[in-house]
Amino acid sequence: MSHWQRTTCVREEDDAVALVRVYCGLASAEAADGTASAGSALTSAVVDDAGRLLHVCEIGDDPAGYARLVVLLVERSGGPSGAAIAADSDDHTITSLLSAAGRPLAIADDDSVDDFAERFADDDSVEEMQSPPAVRRAIGLARALQAGALSAVTLPAPRDLANYKQVLAAHAALASGRHTAAVALREVLRELYPAALRAYPDPAETVPLAVLDALPEPGMLGGTMSRGRDVSVAADAVAAHLAADGVADAAEINEAVTALRVAISETPRRATVNRALTSAVAETVRQAVASVRACDAGCDALVSALSARVTTPVPGRRAAARRGEQVGDLAVPGGTARRP
């Protein structure tokens with residue numbers, strides 16, 4: 001079973017809990033010496049209304065990491081505003097962008113974060129109890145929101161980011177639209193190209209999107225005129241073309257194309273999708289794929305603009321105190337100073 005196929009059960013289970021009220025915790029990924037540098041990675045954890053852990057991942061503390069977090073929260077909550085967020089510091093680029101975007105946010109001090117990590121830990125989960133400190137802190141923050149120990153509110157936008165509110169709102173709209181387009185793609189494939197869902201747990205990922213754009217109709221790999229050697233030649237040509245376009249490395253693309261070919265051979269062709277509808281099916285799948293890609297392109301353009309203009313904040317009071325440094329005037333983006 002390929003990488004593309006073996007995670008199907010997990011992804012389908014995830015889909016069942018996707019559209020709920022969710023809570024997110026963000027914790028600094030600390031280095032071995034106990035410091036947490038600005039611009040480093042953050043650990044994010046998402047729990048649902050019952051406190052069940054839905055997702056844990058590491059994201060960069062930069063506009064690209066912010067964009068990834070927004071997409072994750074949209075996928076989990078079904079909308080751009082269906083999540084409250086708690087962080088262990090106000091020194092992060094991501095928390096600054098969240099404030100500028102007007103998202104509900106709570107900032108907890110270090111002692112509270114450590115307390116939440118212990119108080120809201122799932123003692124019955126061996127995996128969670130053995131997780132790194134940053135993961136446990138992120139989970140604790142998320143569950144503190146869910147339990148009402150923390151309240152997320154809309155914080156004032158940093159002065160240097162106030163002019164980016166429209167950009168961030170546009171990005172949120174595109175992220176929400178991307179989620180809707182991905183759902184539409186899945187439903188189109190369910191009706192017209194079920195083998196694609198068998199091959200790809202998430203057909204809206206980059207590589208499956210590229211493969212489906214190149215092979216939008218199952219007959220291109222599994223039809224009566226494309227058996228044996230012809231199939232292999234077609235698959236190799238598609239994989240080589242996508243690799244040359246820089247979609248991914250050749251091995252990953254070959255695996256994705258092979259997974260689709262195997263899925264097509266194992267999926268009975270529906271009688272309603274006859275030769276007369278083949279071109280319509282191919283065009284429909286291509287347009288559904290294009291919808292997802294259009295949202296991705298818009299998001300990438302906005303994130304690129306943010307990355308070119310948003311500077312990484314230097315460590316603030318909490319980060320300095322964590323290292324035992326003297327806390328005085330600390331610079332923030334835009335040249336202003338913040339006093340304790």
# chains A, B, ... in the order shown; residues from 1 in each chain; ligands from 1
call {"tool": "residues_around", "arguments": {"residues": "Ser99 (chain A)", "least_positions_apart": "4", "cutoff": "9 Å", "atoms": "only C-alpha atoms", "output": "list of chain:residue names"}}
result
A:Ile94, A:Thr95, A:Arg103, A:Pro104, A:Leu105, A:Thr154, A:Leu155, A:Pro156, A:Ala157, A:Pro158, A:Leu161
call {"tool": "select_by_dssp", "arguments": {"residues": "region 88-337 of chain A", "states": "alpha helix (DSSP H)", "output": "number ranges by chain"}}
result
A: 93-100, 110-119, 126-129, 133-147, 165-192, 194-199, 206-214, 219-222, 229-244, 250-266, 278-309, 317-322
call {"tool": "atom_distance", "arguments": {"atom1": "CA of Ala170 (chain A)", "atom2": "CA of Pro63 (chain A)"}}
result
14.1 Å
call {"tool": "atom_distance", "arguments": {"atom1": "CA of Arg286 (chain A)", "atom2": "CA of Thr258 (chain A)"}}
result
19.7 Å
call {"tool": "closest_residue", "arguments": {"among": "A:Leu53, A:Leu277, A:Val183, A:Glu252", "to": "Glu127 (chain A)", "atoms": "only C-alpha atoms"}}
result
A:Leu53
call {"tool": "select_by_dssp", "arguments": {"residues": "region 22-116 of chain A", "states": "strand (DSSP E or B)", "output": "MDAnalysis selection string"}}
result
chainID A and resid 22:28 41:47 53:60 83:87 104:107
